[in-house]
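Q: Can you keep this structure in mind? I'll have questions shortly.
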Amino acid sequence: MQLCCISISLLMVLSACGNRNISAEDVQKALQHQGLEVTKINLGTAEQYEGSSLQLNGVFPEAFELALPAADMANREFVFIYEYSSEEECKSANQSGGISSLRMVDLHPNIRQKKNVVVIYWSHNKENPLMINQFTKAMDEF
């Protein structure tokens, strides 16, 4: 009987680990794993490029600047990570139309939603985003 309880408890712990929320730090590490330089920035630094609020359903993003190592970046590019407490809350933010209202001057959004996060890669080139392959591979890790 005791072995059965231990087995059930272990199964519950392992299930919870598989369903855990994604953090901004997890996304940052996944992007770094793809060979990108990912530098946390003050949201005010990013907002100077932007024409409206960066808030999405009451949540401000964790903001990072992206760069390719040893590359001379002509334009700054960013990734914003909106972290919600649950997958349902995240879906609600996505369905509210708030994402389509987000704007940054001269930058184009590439949006991915995974579990409890909305991640937006803001690229300078709309047709051929410089770091889209690394961004896509990083988001596929979740």
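Residues are named by chain letter and number: chains run A, B, ... in the order of the structure tokens, numbers start at 1 in each chain, and ligands are numbered from 1 in the order shown.
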When DSSP is applied to the backbone of this structure, which of stretch 11-138 of chain A are assigned strand (DSSP E)? Write them out as a ChimeraX atom specification.

A: /A:37-41,62-67,77-83,108-114,117-123

Q: Give me the residues near A:Leu130 as a list in words, where near means some atom within 10 Å (using only C-alpha atoms) and where sequence neighbours in that chain fewer than 3 positions away do not count.

A: Ala67, Leu68, Met73, Glu77, Ser123, His124, Asn125, Lys126, Glu127, Asn133, Gln134 and Phe135 of chain A

Q: Kindly save the residues from that selection, with N, CA and C atoms included, as an mmCIF file, in the first residue's frame.

A:
```cif
data_model
loop_
_atom_site.group_PDB
_atom_site.id
_atom_site.type_symbol
_atom_site.label_atom_id
_atom_site.label_comp_id
_atom_site.auth_asym_id
_atom_site.auth_seq_id
_atom_site.Cartn_x
_atom_site.Cartn_y
_atom_site.Cartn_z
ATOM 1 N N ALA A 67 20.777 40.334 -30.415
ATOM 2 C CA ALA A 67 21.886 40.615 -31.334
ATOM 3 C C ALA A 67 22.524 39.302 -31.762
ATOM 4 N N LEU A 68 23.118 39.342 -32.933
ATOM 5 C CA LEU A 68 23.912 38.213 -33.409
ATOM 6 C C LEU A 68 25.350 38.466 -32.984
ATOM 7 N N MET A 73 25.101 45.168 -36.021
ATOM 8 C CA MET A 73 23.657 45.312 -36.158
ATOM 9 C C MET A 73 23.321 46.754 -36.547
ATOM 10 N N GLU A 77 16.860 45.246 -32.460
ATOM 11 C CA GLU A 77 15.714 44.353 -32.477
ATOM 12 C C GLU A 77 15.483 43.855 -31.061
ATOM 13 N N SER A 123 11.168 42.755 -35.233
ATOM 14 C CA SER A 123 12.248 42.789 -36.224
ATOM 15 C C SER A 123 12.156 44.035 -37.094
ATOM 16 N N HIS A 124 13.288 44.439 -37.608
ATOM 17 C CA HIS A 124 13.338 45.622 -38.473
ATOM 18 C C HIS A 124 12.827 45.295 -39.879
ATOM 19 N N ASN A 125 13.094 44.087 -40.358
ATOM 20 C CA ASN A 125 12.723 43.698 -41.711
ATOM 21 C C ASN A 125 11.448 42.847 -41.667
ATOM 22 N N LYS A 126 10.380 43.341 -42.262
ATOM 23 C CA LYS A 126 9.095 42.637 -42.214
ATOM 24 C C LYS A 126 9.122 41.352 -43.043
ATOM 25 N N GLU A 127 9.694 41.393 -44.233
ATOM 26 C CA GLU A 127 9.688 40.249 -45.137
ATOM 27 C C GLU A 127 10.707 39.174 -44.755
ATOM 28 N N ASN A 133 14.802 32.490 -37.694
ATOM 29 C CA ASN A 133 15.098 31.058 -37.547
ATOM 30 C C ASN A 133 15.457 30.719 -36.109
ATOM 31 N N GLN A 134 16.308 31.528 -35.491
ATOM 32 C CA GLN A 134 16.692 31.292 -34.099
ATOM 33 C C GLN A 134 15.488 31.459 -33.173
ATOM 34 N N PHE A 135 14.677 32.475 -33.443
ATOM 35 C CA PHE A 135 13.482 32.728 -32.632
ATOM 36 C C PHE A 135 12.528 31.539 -32.714
#
```

Q: With only C-alpha atoms as the basis for distance, which of A:Met139, A:Cys90, A:Val27, A:Leu56 is at the shortest distance from A:Arg103?

A: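 Of all the options, A:Leu56 lies closest to A:Arg103.
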
Q: Given the choices A:Ala71, A:Val79, A:Val59, A:Val105, which gets closest to A:Gln28 if the distance is worked out from only C-alpha atoms?

A: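 Looking at the shortest contact to A:Gln28, the residue is A:Val79.
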
Q: Just the residues within 6 Å of A:Pro109, please, counting only C-alpha atoms, with nothing from its chain fewer than 4 positions along; format it as a PyMOL selection string.

A: chain A and resi 120-122

Q: Using only C-alpha atoms, can you tell me which of A:Leu43, A:Ala30, A:Ala63, A:Val118 comes closest to A:Ala93?

A: A:Val118

Q: Go through A:Asn110, A:Gln55, A:Asn21, A:Ser85 one by one, measure the shortest atom-to-atom distance of each to A:Met131 using only C-alpha atoms, and give the residue with the smallest value.

A: A:Asn110
